[in-house]
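Undergrad: To be precise about what I am sending: the file is called final.csv and holds CSV, C-alpha atoms.
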chain,number,residue,atom,x,y,z
R,1,MET,CA,-33.8,182.5,218.4
R,2,THR,CA,-35.9,180.3,215.9
R,3,SER,CA,-35.3,181.2,212.3
R,4,TYR,CA,-38.4,181.6,210.1
R,5,THR,CA,-38.6,181.8,206.4
R,6,VAL,CA,-41.6,183.3,204.7
R,7,GLU,CA,-41.7,182.6,201.0
R,8,SER,CA,-42.9,185.4,198.8
R,9,MET,CA,-46.6,185.6,198.2
R,10,ASN,CA,-48.0,184.8,194.7
R,11,ASN,CA,-51.2,185.3,192.9
R,12,ASP,CA,-51.6,181.7,192.0
R,13,VAL,CA,-53.3,179.8,194.8
R,14,ALA,CA,-52.1,176.3,195.5
R,15,TYR,CA,-55.5,174.7,195.2
R,16,GLY,CA,-59.1,175.7,194.2
R,17,GLN,CA,-57.9,178.7,192.2
R,18,SER,CA,-61.0,178.8,189.9
R,19,THR,CA,-63.3,178.7,193.0
R,20,LEU,CA,-61.6,181.4,195.1
R,21,SER,CA,-62.0,185.1,194.9
R,22,PRO,CA,-59.1,186.9,193.2
R,23,GLY,CA,-58.2,188.7,196.5
R,24,ILE,CA,-57.3,185.4,198.2
R,25,ARG,CA,-53.5,184.7,198.1
R,26,SER,CA,-51.5,181.6,198.8
R,27,ARG,CA,-48.1,181.2,200.4
R,28,PHE,CA,-45.9,178.9,202.5
R,29,VAL,CA,-44.2,179.8,205.7
R,30,GLU,CA,-41.2,177.6,206.7
R,31,GLY,CA,-39.8,176.8,210.1
R,32,ILE,CA,-42.9,176.7,212.2
R,33,ASN,CA,-42.5,174.0,214.9
R,34,GLY,CA,-41.1,171.6,212.3
R,35,LEU,CA,-43.7,172.5,209.6
R,36,THR,CA,-43.9,174.4,206.4
R,37,ILE,CA,-47.4,175.9,206.8
R,38,HIS,CA,-49.5,176.7,203.8
R,39,THR,CA,-51.8,179.6,204.3
R,40,LEU,CA,-54.6,181.4,202.4
R,41,GLU,CA,-54.6,185.1,203.1
R,42,ALA,CA,-56.7,188.2,202.3
R,43,GLY,CA,-56.3,191.9,203.0
R,44,SER,CA,-53.1,193.9,203.2
R,45,SER,CA,-50.3,192.6,205.3
R,46,GLU,CA,-48.2,195.7,204.8
R,47,ASP,CA,-49.9,198.1,207.2
R,48,ASP,CA,-50.9,197.7,210.9
R,49,ARG,CA,-54.4,196.5,210.2
R,50,PRO,CA,-55.7,194.0,212.8
R,51,VAL,CA,-55.3,190.3,212.2
R,52,ILE,CA,-58.0,187.6,212.1
R,53,LEU,CA,-56.7,184.0,212.4
R,54,LEU,CA,-59.1,181.4,211.0
R,55,LEU,CA,-58.6,177.7,212.1
R,56,HIS,CA,-60.4,174.9,210.3
R,57,GLY,CA,-61.6,171.6,211.6
R,58,PHE,CA,-62.1,168.0,210.3
R,59,PRO,CA,-62.3,167.0,207.5
R,60,GLU,CA,-61.6,170.4,206.1
R,61,LEU,CA,-58.9,172.8,204.9
R,62,ALA,CA,-58.0,176.5,205.0
R,63,TYR,CA,-60.2,176.5,201.9
R,64,SER,CA,-63.2,176.1,204.2
R,65,TRP,CA,-63.0,179.8,205.0
R,66,ARG,CA,-63.1,180.9,201.4
R,67,LYS,CA,-66.5,182.5,201.6
R,68,VAL,CA,-65.7,184.8,204.6
R,69,MET,CA,-62.2,185.9,203.9
R,70,ILE,CA,-62.8,188.7,201.3
R,71,PRO,CA,-65.6,190.3,203.3
R,72,LEU,CA,-63.5,190.4,206.4
R,73,ALA,CA,-60.6,191.8,204.5
R,74,ALA,CA,-62.9,194.5,203.0
R,75,ALA,CA,-63.9,195.4,206.5
R,76,GLY,CA,-60.2,196.3,207.2
R,77,TYR,CA,-58.7,193.1,208.5
R,78,TYR,CA,-55.6,191.0,207.5
R,79,VAL,CA,-57.1,187.5,207.3
R,80,ILE,CA,-55.0,184.4,207.7
R,81,ALA,CA,-56.3,180.8,207.2
R,82,PRO,CA,-53.7,178.0,207.5
R,83,ASP,CA,-53.9,174.4,206.6
R,84,GLN,CA,-53.3,173.0,210.1
R,85,ARG,CA,-50.9,170.2,211.0
R,86,GLY,CA,-52.0,167.0,209.2
R,87,TYR,CA,-54.0,168.8,206.5
R,88,GLY,CA,-53.8,170.1,203.0
R,89,LEU,CA,-50.5,171.5,201.6
R,90,THR,CA,-48.9,172.0,205.0
R,91,THR,CA,-45.9,169.6,205.3
R,92,GLY,CA,-43.5,168.4,207.9
R,93,TRP,CA,-46.0,166.3,209.9
R,94,ASP,CA,-45.9,162.5,210.3
R,95,GLY,CA,-48.9,160.8,208.7
R,96,ASP,CA,-48.0,157.3,209.8
R,97,TYR,CA,-50.4,155.6,212.2
R,98,ASP,CA,-47.4,154.3,214.1
R,99,GLY,CA,-45.5,157.6,213.8
R,100,ASP,CA,-45.1,160.7,216.0
R,101,LEU,CA,-48.5,160.9,217.6
R,102,ALA,CA,-47.4,163.4,220.3
R,103,SER,CA,-46.8,166.1,217.7
R,104,PHE,CA,-50.6,166.2,217.2
R,105,ARG,CA,-51.5,166.8,220.8
R,106,ILE,CA,-53.6,170.0,221.4
R,107,LEU,CA,-50.9,172.0,223.1
R,108,ASN,CA,-48.6,171.4,220.1
R,109,ILE,CA,-51.3,172.5,217.7
R,110,VAL,CA,-51.6,175.7,219.7
R,111,ARG,CA,-47.8,176.0,219.4
R,112,ASP,CA,-48.2,175.8,215.6
R,113,ALA,CA,-50.7,178.6,215.5
R,114,ILE,CA,-48.7,181.0,217.7
R,115,GLY,CA,-45.6,180.2,215.8
R,116,LEU,CA,-47.3,181.2,212.5
R,117,VAL,CA,-48.5,184.5,214.1
R,118,PHE,CA,-45.0,185.4,215.3
R,119,ALA,CA,-43.4,184.3,212.0
R,120,LEU,CA,-45.6,186.8,210.2
R,121,GLY,CA,-44.3,189.6,212.4
R,122,ARG,CA,-47.3,190.0,214.6
R,123,GLU,CA,-47.3,190.2,218.4
R,124,SER,CA,-51.0,189.8,218.7
R,125,VAL,CA,-54.2,189.2,216.7
R,126,SER,CA,-57.5,190.8,217.0
R,127,ALA,CA,-59.4,187.5,217.0
R,128,VAL,CA,-58.8,183.8,216.7
R,129,VAL,CA,-61.7,182.0,215.1
R,130,GLY,CA,-62.0,178.2,215.1
R,131,HIS,CA,-64.5,175.8,213.6
R,132,ASP,CA,-65.1,172.2,214.6
R,133,TYR,CA,-61.8,170.9,216.1
R,134,GLY,CA,-60.4,174.3,215.2
R,135,SER,CA,-62.7,175.6,217.9
R,136,SER,CA,-60.8,173.8,220.5
R,137,VAL,CA,-57.5,175.1,219.2
R,138,ALA,CA,-58.9,178.7,219.2
R,139,ALA,CA,-60.2,178.2,222.7
R,140,TRP,CA,-57.0,176.8,224.1
R,141,SER,CA,-55.1,179.6,222.3
R,142,ALA,CA,-57.1,182.3,224.0
R,143,LEU,CA,-57.1,180.5,227.4
R,144,LEU,CA,-53.3,180.1,227.4
R,145,ARG,CA,-52.2,183.4,225.7
R,146,PRO,CA,-54.7,186.2,226.2
R,147,ASP,CA,-51.9,188.6,225.5
R,148,VAL,CA,-51.6,187.3,221.9
R,149,TYR,CA,-55.3,186.5,221.2
R,150,ARG,CA,-57.4,189.5,222.1
R,151,SER,CA,-60.7,187.8,221.5
R,152,VAL,CA,-62.0,184.4,220.4
R,153,VAL,CA,-64.9,183.0,218.4
R,154,MET,CA,-65.7,179.3,218.7
R,155,MET,CA,-67.8,177.7,216.0
R,156,SER,CA,-69.9,174.5,216.0
R,157,ALA,CA,-68.0,172.9,218.9
R,158,PRO,CA,-68.5,174.5,222.4
R,159,PHE,CA,-65.5,174.5,224.7
R,160,GLY,CA,-66.2,173.2,228.1
R,161,ASP,CA,-63.9,173.3,231.1
R,162,PRO,CA,-60.3,172.3,230.7
R,163,PRO,CA,-59.8,168.7,232.0
R,164,ALA,CA,-60.3,168.6,235.7
R,165,LEU,CA,-58.0,167.3,238.4
R,166,PRO,CA,-59.4,165.3,241.2
R,167,PHE,CA,-60.2,167.7,244.1
R,168,GLY,CA,-60.5,167.1,247.8
R,169,THR,CA,-59.3,163.5,247.7
R,170,ALA,CA,-56.8,163.6,250.6
R,171,ASP,CA,-59.5,162.7,253.1
R,172,ASN,CA,-61.8,161.0,250.6
R,173,PRO,CA,-59.8,158.7,248.3
R,174,SER,CA,-63.0,157.4,246.7
R,175,LEU,CA,-63.3,160.6,244.7
R,176,ASN,CA,-60.3,159.3,242.7
R,177,GLU,CA,-62.5,156.5,241.3
R,178,SER,CA,-62.8,156.6,237.5
R,179,VAL,CA,-66.0,157.4,235.8
R,180,HIS,CA,-68.0,154.8,233.9
R,181,ASP,CA,-66.7,153.8,230.5
R,182,ILE,CA,-69.1,155.3,228.0
R,183,HIS,CA,-67.7,153.2,225.1
R,184,ASN,CA,-68.5,149.9,226.8
R,185,GLU,CA,-71.9,151.3,227.7
R,186,LEU,CA,-72.6,152.2,224.1
R,187,ALA,CA,-71.4,148.8,222.9
R,188,SER,CA,-73.9,147.2,225.4
R,189,LEU,CA,-77.0,148.9,224.0
R,190,PRO,CA,-79.7,146.7,222.4
R,191,ARG,CA,-78.5,148.2,219.2
R,192,PRO,CA,-74.7,148.2,219.8
R,193,ARG,CA,-73.1,151.6,219.1
R,194,LYS,CA,-69.8,153.3,219.1
R,195,HIS,CA,-68.8,157.0,219.4
R,196,TYR,CA,-67.3,158.5,216.3
R,197,GLN,CA,-64.3,159.9,218.2
R,198,ARG,CA,-63.4,156.4,219.4
R,199,TYR,CA,-63.8,155.1,215.9
R,200,TYR,CA,-61.4,157.8,214.5
R,201,THR,CA,-58.7,156.4,216.8
R,202,ILE,CA,-58.6,152.9,215.2
R,203,ARG,CA,-56.1,151.9,212.5
R,204,GLU,CA,-58.7,151.1,210.0
R,205,ALA,CA,-60.5,154.4,210.0
R,206,ASN,CA,-58.3,156.2,207.4
R,207,ALA,CA,-58.5,153.4,204.8
R,208,ASN,CA,-62.2,153.1,205.3
R,209,MET,CA,-62.8,156.7,204.3
R,210,ARG,CA,-59.9,157.2,201.8
R,211,ASP,CA,-60.7,153.9,200.0
R,212,ALA,CA,-64.5,154.1,200.4
R,213,SER,CA,-66.2,151.8,198.0
R,214,GLN,CA,-68.3,154.7,196.7
R,215,GLY,CA,-65.2,156.7,196.0
R,216,ILE,CA,-63.7,159.5,198.1
R,217,HIS,CA,-65.6,162.2,196.3
R,218,ALA,CA,-69.0,160.5,196.9
R,219,PHE,CA,-68.0,159.8,200.5
R,220,LEU,CA,-67.2,163.4,201.2
R,221,ARG,CA,-70.4,164.6,199.5
R,222,ALA,CA,-72.5,162.3,201.7
R,223,TYR,CA,-70.6,163.2,204.8
R,224,TYR,CA,-70.9,166.9,204.3
R,225,HIS,CA,-74.6,166.6,203.3
R,226,TYR,CA,-75.5,164.4,206.3
R,227,LYS,CA,-74.1,167.0,208.7
R,228,SER,CA,-75.6,170.0,207.0
R,229,ALA,CA,-79.0,171.6,207.2
R,230,ASP,CA,-79.7,170.1,203.8
R,231,TRP,CA,-80.4,166.8,205.7
R,232,VAL,CA,-83.8,167.7,207.0
R,233,GLU,CA,-83.7,165.3,209.9
R,234,ASN,CA,-81.0,167.4,211.6
R,235,LYS,CA,-83.2,168.8,214.4
R,236,PRO,CA,-80.8,169.0,217.4
R,237,HIS,CA,-81.8,169.5,221.0
R,238,PRO,CA,-79.9,169.3,224.3
R,239,LEU,CA,-79.1,165.9,225.8
R,240,GLU,CA,-79.7,165.3,229.5
R,241,ALA,CA,-76.5,163.5,230.4
R,242,TRP,CA,-73.3,161.8,229.2
R,243,THR,CA,-74.9,158.4,229.1
R,244,ALA,CA,-75.3,155.8,226.3
R,245,VAL,CA,-79.0,156.1,226.2
R,246,GLU,CA,-78.8,159.9,225.7
R,247,LEU,CA,-75.9,159.8,223.2
R,248,ALA,CA,-77.8,157.2,221.1
R,249,LYS,CA,-80.2,160.0,220.2
R,250,LEU,CA,-77.5,161.6,218.1
R,251,PRO,CA,-77.4,160.9,214.4
R,252,THR,CA,-75.1,158.0,213.3
R,253,TYR,CA,-72.4,160.4,212.1
R,254,TYR,CA,-71.7,161.0,215.8
R,255,VAL,CA,-72.8,157.7,217.4
R,256,MET,CA,-72.3,155.0,214.8
R,257,ASP,CA,-73.5,151.5,214.6
R,258,ARG,CA,-70.8,149.3,216.3
R,259,ASP,CA,-69.9,147.1,213.3
R,260,VAL,CA,-69.7,149.6,210.4
R,261,GLY,CA,-67.2,152.3,209.3
R,262,MET,CA,-67.9,155.9,208.5
R,263,ALA,CA,-68.0,155.3,204.8
R,264,GLU,CA,-70.8,152.8,205.2
R,265,THR,CA,-72.5,155.1,207.8
R,266,VAL,CA,-72.9,158.0,205.5
R,267,ALA,CA,-73.6,156.1,202.3
R,268,PRO,CA,-77.4,155.8,202.8
R,269,HIS,CA,-77.5,159.6,203.1
R,270,MET,CA,-75.9,160.4,199.7
R,271,PRO,CA,-78.0,163.2,198.2
R,272,GLY,CA,-79.5,162.8,194.8
R,273,GLU,CA,-78.4,164.6,191.6
R,274,SER,CA,-81.0,167.4,192.0
R,275,GLN,CA,-79.9,168.0,195.6
R,276,ILE,CA,-76.3,168.2,194.5
R,277,GLU,CA,-77.0,170.6,191.7
R,278,ALA,CA,-79.0,172.8,194.1
R,279,CYS,CA,-76.2,172.8,196.7
R,280,ALA,CA,-74.9,176.4,196.2
R,281,TRP,CA,-72.7,176.3,199.4
R,282,LEU,CA,-70.7,173.4,198.2
R,283,THR,CA,-70.6,173.0,194.4
R,284,GLU,CA,-69.1,169.9,192.7
R,285,GLU,CA,-66.1,172.0,191.7
R,286,GLU,CA,-65.6,173.1,195.3
R,287,LEU,CA,-66.0,169.6,196.6
R,288,GLN,CA,-63.4,168.5,194.1
R,289,VAL,CA,-60.8,170.6,196.0
R,290,TYR,CA,-61.5,168.6,199.2
R,291,SER,CA,-61.6,165.2,197.5
R,292,GLU,CA,-58.3,165.8,195.6
R,293,GLU,CA,-56.5,166.9,198.8
R,294,TYR,CA,-57.8,164.0,200.9
R,295,GLU,CA,-57.1,161.5,198.1
R,296,ARG,CA,-53.5,162.8,198.1
R,297,ASN,CA,-53.0,163.0,201.9
R,298,GLY,CA,-55.6,160.6,203.3
R,299,PHE,CA,-57.3,161.4,206.6
R,300,GLN,CA,-54.7,160.2,209.1
R,301,GLY,CA,-53.3,163.6,209.8
R,302,GLY,CA,-56.6,164.8,211.1
R,303,LEU,CA,-57.4,161.5,212.8
R,304,GLN,CA,-54.2,161.9,214.8
R,305,TRP,CA,-55.9,164.8,216.6
R,306,TYR,CA,-58.7,162.5,217.7
R,307,ARG,CA,-56.2,159.8,218.8
R,308,CYS,CA,-54.5,162.4,221.0
R,309,GLY,CA,-57.8,163.4,222.5
R,310,GLN,CA,-58.4,159.8,223.6
R,311,THR,CA,-54.8,159.3,225.0
R,312,PRO,CA,-54.6,159.6,228.8
R,313,ARG,CA,-51.0,161.0,228.9
R,314,PHE,CA,-52.1,164.0,226.8
R,315,LEU,CA,-55.1,164.5,228.9
R,316,SER,CA,-52.9,164.6,232.0
R,317,GLU,CA,-50.7,167.2,230.3
R,318,SER,CA,-53.8,169.5,229.8
R,319,GLN,CA,-54.9,169.0,233.4
R,320,VAL,CA,-52.2,171.5,234.4
R,321,PHE,CA,-54.7,174.2,233.3
R,322,ALA,CA,-57.7,172.8,235.3
R,323,GLY,CA,-59.9,175.6,236.5
R,324,ARG,CA,-58.5,178.2,234.1
R,325,THR,CA,-60.9,180.4,232.3
R,326,ILE,CA,-61.0,182.2,229.0
R,327,ASP,CA,-60.8,185.9,230.0
R,328,VAL,CA,-60.8,187.7,226.6
R,329,PRO,CA,-64.1,188.6,224.9
R,330,ALA,CA,-65.7,185.4,223.5
R,331,CYS,CA,-68.7,184.3,221.5
R,332,PHE,CA,-70.1,181.1,219.9
R,333,ILE,CA,-71.5,180.7,216.4
R,334,SER,CA,-73.1,177.6,215.0
R,335,GLY,CA,-75.8,176.4,212.7
R,336,ALA,CA,-79.3,176.0,214.2
R,337,ASN,CA,-79.4,172.5,212.6
R,338,ASP,CA,-76.0,171.5,214.0
R,339,TRP,CA,-76.0,168.6,216.5
R,340,GLY,CA,-72.4,169.5,217.3
R,341,VAL,CA,-73.8,172.2,219.7
R,342,HIS,CA,-75.2,169.4,221.9
R,343,GLN,CA,-73.1,166.4,221.4
R,344,ARG,CA,-71.2,167.0,224.6
R,345,PRO,CA,-74.0,167.5,227.2
R,346,GLY,CA,-73.4,170.6,229.4
R,347,ALA,CA,-70.5,172.0,227.4
R,348,LEU,CA,-72.5,174.9,225.9
R,349,GLU,CA,-73.9,175.9,229.2
R,350,ALA,CA,-70.5,175.7,230.9
R,351,MET,CA,-69.0,177.9,228.2
R,352,GLU,CA,-71.7,180.4,228.5
R,353,SER,CA,-71.8,180.6,232.3
R,354,ARG,CA,-68.4,179.7,233.7
R,355,VAL,CA,-65.6,179.0,231.2
R,356,CYS,CA,-65.7,182.4,229.3
R,357,VAL,CA,-65.5,185.3,231.8
R,358,ASP,CA,-66.4,187.9,229.1
R,359,TYR,CA,-69.0,186.0,227.1
R,360,ARG,CA,-70.7,188.0,224.3
R,361,GLY,CA,-73.4,185.6,223.1
R,362,THR,CA,-74.4,182.4,221.4
R,363,HIS,CA,-75.6,182.7,217.8
R,364,LEU,CA,-77.4,179.8,216.2
R,365,ILE,CA,-77.9,180.6,212.5
R,366,LYS,CA,-81.0,179.4,210.7
R,367,GLY,CA,-80.5,177.3,207.6
R,368,ALA,CA,-77.1,176.0,208.6
R,369,GLY,CA,-75.9,172.7,210.0
R,370,HIS,CA,-72.3,171.9,210.9
R,371,TRP,CA,-70.6,173.7,208.1
R,372,VAL,CA,-72.0,177.1,209.1
R,373,GLN,CA,-69.4,179.4,207.5
R,374,GLN,CA,-70.0,177.7,204.2
R,375,GLU,CA,-73.7,177.1,204.4
R,376,GLN,CA,-74.7,180.6,205.6
R,377,SER,CA,-71.6,182.7,205.0
R,378,ASP,CA,-73.4,186.0,204.9
R,379,ALA,CA,-74.9,185.5,208.3
R,380,VAL,CA,-71.6,184.4,209.8
R,381,ILE,CA,-69.8,187.4,208.4
R,382,GLU,CA,-72.5,189.6,210.0
R,383,CYS,CA,-72.0,187.9,213.3
R,384,LEU,CA,-68.2,188.1,213.1
R,385,LEU,CA,-68.1,191.8,212.2
R,386,ALA,CA,-70.6,192.7,214.9
R,387,PHE,CA,-68.4,190.9,217.5
R,388,PHE,CA,-65.2,192.4,216.2
R,389,ALA,CA,-66.7,195.8,216.4
Represent the supplied structure as structure tokens.

TA:
Amino acid sequence: MTSYTVESMNNDVAYGQSTLSPGIRSRFVEGINGLTIHTLEAGSSEDDRPVILLLHGFPELAYSWRKVMIPLAAAGYYVIAPDQRGYGLTTGWDGDYDGDLASFRILNIVRDAIGLVFALGRESVSAVVGHDYGSSVAAWSALLRPDVYRSVVMMSAPFGDPPALPFGTADNPSLNESVHDIHNELASLPRPRKHYQRYYTIREANANMRDASQGIHAFLRAYYHYKSADWVENKPHPLEAWTAVELAKLPTYYVMDRDVGMAETVAPHMPGESQIEACAWLTEEELQVYSEEYERNGFQGGLQWYRCGQTPRFLSESQVFAGRTIDVPACFISGANDWGVHQRPGALEAMESRVCVDYRGTHLIKGAGHWVQQEQSDAVIECLLAFFA
């Protein structure tokens, strides 16, 4: 049997202490799938109160859940938010571009999460909640282990069908033909473009963001602002198809100009001093937590996830689950100003009608963009508690 070590909890959080509520604790759990996982936690862990597992996305941290943890704990839950593989103070992962890429594939990230749950002495959790790329981890967790994850909340990134296997090809081999290459199609537009997920797979992406000419703090401020409701031009709508012409309607943080990096893409959208001062959902002190962690670690740990998502052999592994559904109660929460809802045409509709058997609703929160649990935390808490109830 695997041996786990849970270090004693302390009252001194490992980062962002001055910006976190006193009831949020920090600790490290060793021996989790090769990792020592750093977690932020709230609520009593001593009784049998139900567990809520919160999974962050990119480029974020467990810290991204700071505004919802105490209210959930006050409602009677034991709340756990880890720094996932590749992020924050969690250690044991390989951050080298030429290193162990396979350890970042989605099924291994799911293994990290369930290993943490079991290490903490829990056989199941009331809900797994994931935001951005964490939404995929939450969805896969619920799809694969409904006995452990009794419900699931996906945020800002809808979960479409698991990767399909070719069907009915024995008498019609032409059905095995590959689909068109969206990346070549984007590059061939009159204004040549590239998809941000493809950009995140290249060797230069990490250095472009970590060593941004404007500085990493300013880079992150512009990036977070550009994808939030504070950027008034975020007015999302459904796209008709997965074609270059349709995808080119997305803002440049999703479909970039071909010959520029992400640092250059977001720089023109840097908010002014008055906008920064008015940004209550992400103060300069709070942003400093992110910029210090990403300056220390870089972005490659998170970028490895995107590389795995673009690697055929890992897609093939996930095709084992083609046709499987999420059978536990599920819902989706996002900002009404979040283009992430529509960046993959048809994913939201598939999740609502087919992928989730017990679907409890889509909630698009006004006044929020992509960072919904930070931008409109009260509304997210209300949605979560209603769903948990």

Undergrad: Considering all atoms listed in the file, tabulate each residue of region 113-149 of chain R that lies at most 12 Å from region 79-98 of chain R along with its nearest interatomic pair and the corresponding distance in Å to one decimal; arrange the rows by chain and ascending residue number and present them as a tab-separated table.

TA:
residue	atom	partner	partner_atom	distance
R:Ala113	CA	R:Gln84	CA	8.2
R:Ile114	CA	R:Pro82	CA	11.7
R:Gly115	CA	R:Pro82	CA	11.8
R:Leu116	CA	R:Pro82	CA	8.7
R:Val117	CA	R:Ile80	CA	9.1
R:Leu120	CA	R:Ile80	CA	10.0
R:Arg122	CA	R:Ile80	CA	11.8
R:Val125	CA	R:Val79	CA	10.0
R:Ser126	CA	R:Val79	CA	10.3
R:Ala127	CA	R:Val79	CA	10.0
R:Val128	CA	R:Ile80	CA	9.8
R:Val129	CA	R:Ala81	CA	9.6
R:Gly130	CA	R:Ala81	CA	10.1
R:His131	CA	R:Ala81	CA	11.5
R:Tyr133	CA	R:Gln84	CA	10.6
R:Gly134	CA	R:Gln84	CA	8.8
R:Val137	CA	R:Gln84	CA	10.2

Undergrad: Quick one: pull the distance between CA of Arg49 (chain R) and CA of Ile365 (chain R), Å, one decimal.

TA: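 According to the coordinates, CA of Arg49 (chain R) and CA of Ile365 (chain R) are separated by 28.5 Å.
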
Undergrad: I'd like to know which of R:Phe314, R:Tyr224, R:Trp339, R:Phe58 is closest to His237 (chain R), using only C-alpha atoms.

TA: R:Trp339

Undergrad: So, counting all atoms listed in the file, which residue among R:Trp371, R:Tyr253, R:Tyr78, R:Tyr196 is closest to Trp281 (chain R)?

TA: R:Trp371

Undergrad: Give the answer as one residue: which of R:Glu30, R:Ala164, R:Pro158, R:Arg258 has the shortest atom-to-atom distance to Pro192 (chain R), using all atoms listed in the file?

TA: R:Arg258

Undergrad: If I take CA of Cys308 (chain R) and CA of Ala205 (chain R), how far is one from the other in Å, to one decimal?

TA: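 Calculated distance between CA of Cys308 (chain R) and CA of Ala205 (chain R) is 14.9 Å.
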
Undergrad: What does the structure give for the distance between CA of Ala368 (chain R) and CA of Lys235 (chain R), in Å to one decimal?

TA: 11.1 Å

Undergrad: Looking at only C-alpha atoms, which of R:Ile333, R:Ala138, R:Ala263, R:Leu384 is the one that sits closest to Ala207 (chain R)?

TA: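 So, comparing all the options, the nearest one is R:Ala263.
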
Undergrad: Give the answer as one residue: which of R:Pro251, R:Met154, R:Tyr77, R:Pro312 has the shortest atom-to-atom distance to Thr362 (chain R), using all atoms listed in the file?

TA: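 Among the listed residues, the smallest separation from Thr362 (chain R) belongs to R:Met154.
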
Undergrad: Please report, as JSON lines, each residue of region 73-104 of chain R lying at most 12 Å from region 385-388 of chain R, together with the nearest pair of atoms and the separation in Å rounded to one decimal; use all atoms listed in the file, and order rows by chain and ascending residue number.

TA:
{"residue": "R:Ala73", "atom": "CA", "partner": "R:Leu385", "partner_atom": "CA", "distance": 10.7}
{"residue": "R:Ala74", "atom": "CA", "partner": "R:Leu385", "partner_atom": "CA", "distance": 10.9}
{"residue": "R:Ala75", "atom": "CA", "partner": "R:Leu385", "partner_atom": "CA", "distance": 7.9}
{"residue": "R:Gly76", "atom": "CA", "partner": "R:Leu385", "partner_atom": "CA", "distance": 10.4}
{"residue": "R:Tyr77", "atom": "CA", "partner": "R:Phe388", "partner_atom": "CA", "distance": 10.1}

Undergrad: Only C-alpha atoms, please: the residues just picked out, written as a PDB file, in the coordinates of the input.

TA:
ATOM      1  CA  ALA R  73     -60.600 191.800 204.500  1.00  0.00           C
ATOM      2  CA  ALA R  74     -62.900 194.500 203.000  1.00  0.00           C
ATOM      3  CA  ALA R  75     -63.900 195.400 206.500  1.00  0.00           C
ATOM      4  CA  GLY R  76     -60.200 196.300 207.200  1.00  0.00           C
ATOM      5  CA  TYR R  77     -58.700 193.100 208.500  1.00  0.00           C
TER       6      TYR R  77
END

Undergrad: Could you pull the residues within 10 Å of Val266 (chain R), counting only C-alpha atoms, minus those fewer than 3 positions along the same chain, as a PyMOL selection string?

TA: chain R and resi 218-227+252-253+256+261-263+269-270

Undergrad: Using all atoms listed in the file, what does the table of region 192-240 of chain R residues within 8 Å of region 294-303 of chain R look like, with each row giving the shortest atom pair and its distance in Å to one decimal, sorted by chain and ascending number, as a tab-separated table?

TA:
residue	atom	partner	partner_atom	distance
R:Tyr200	CA	R:Leu303	CA	5.7
R:Thr201	CA	R:Leu303	CA	6.6
R:Asn206	CA	R:Phe299	CA	5.4
R:Ala207	CA	R:Gly298	CA	7.9
R:Met209	CA	R:Phe299	CA	7.6
R:Arg210	CA	R:Gly298	CA	5.7
R:Ile216	CA	R:Glu295	CA	6.9

Undergrad: Which one of R:Gly121, R:Gly369, R:Gly361, R:Gly99 sits closest to Glu233 (chain R) if you count all atoms listed in the file?

TA: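 Of R:Gly121, R:Gly369, R:Gly361, R:Gly99, the one nearest Glu233 (chain R) is R:Gly369, counting all atoms listed in the file.
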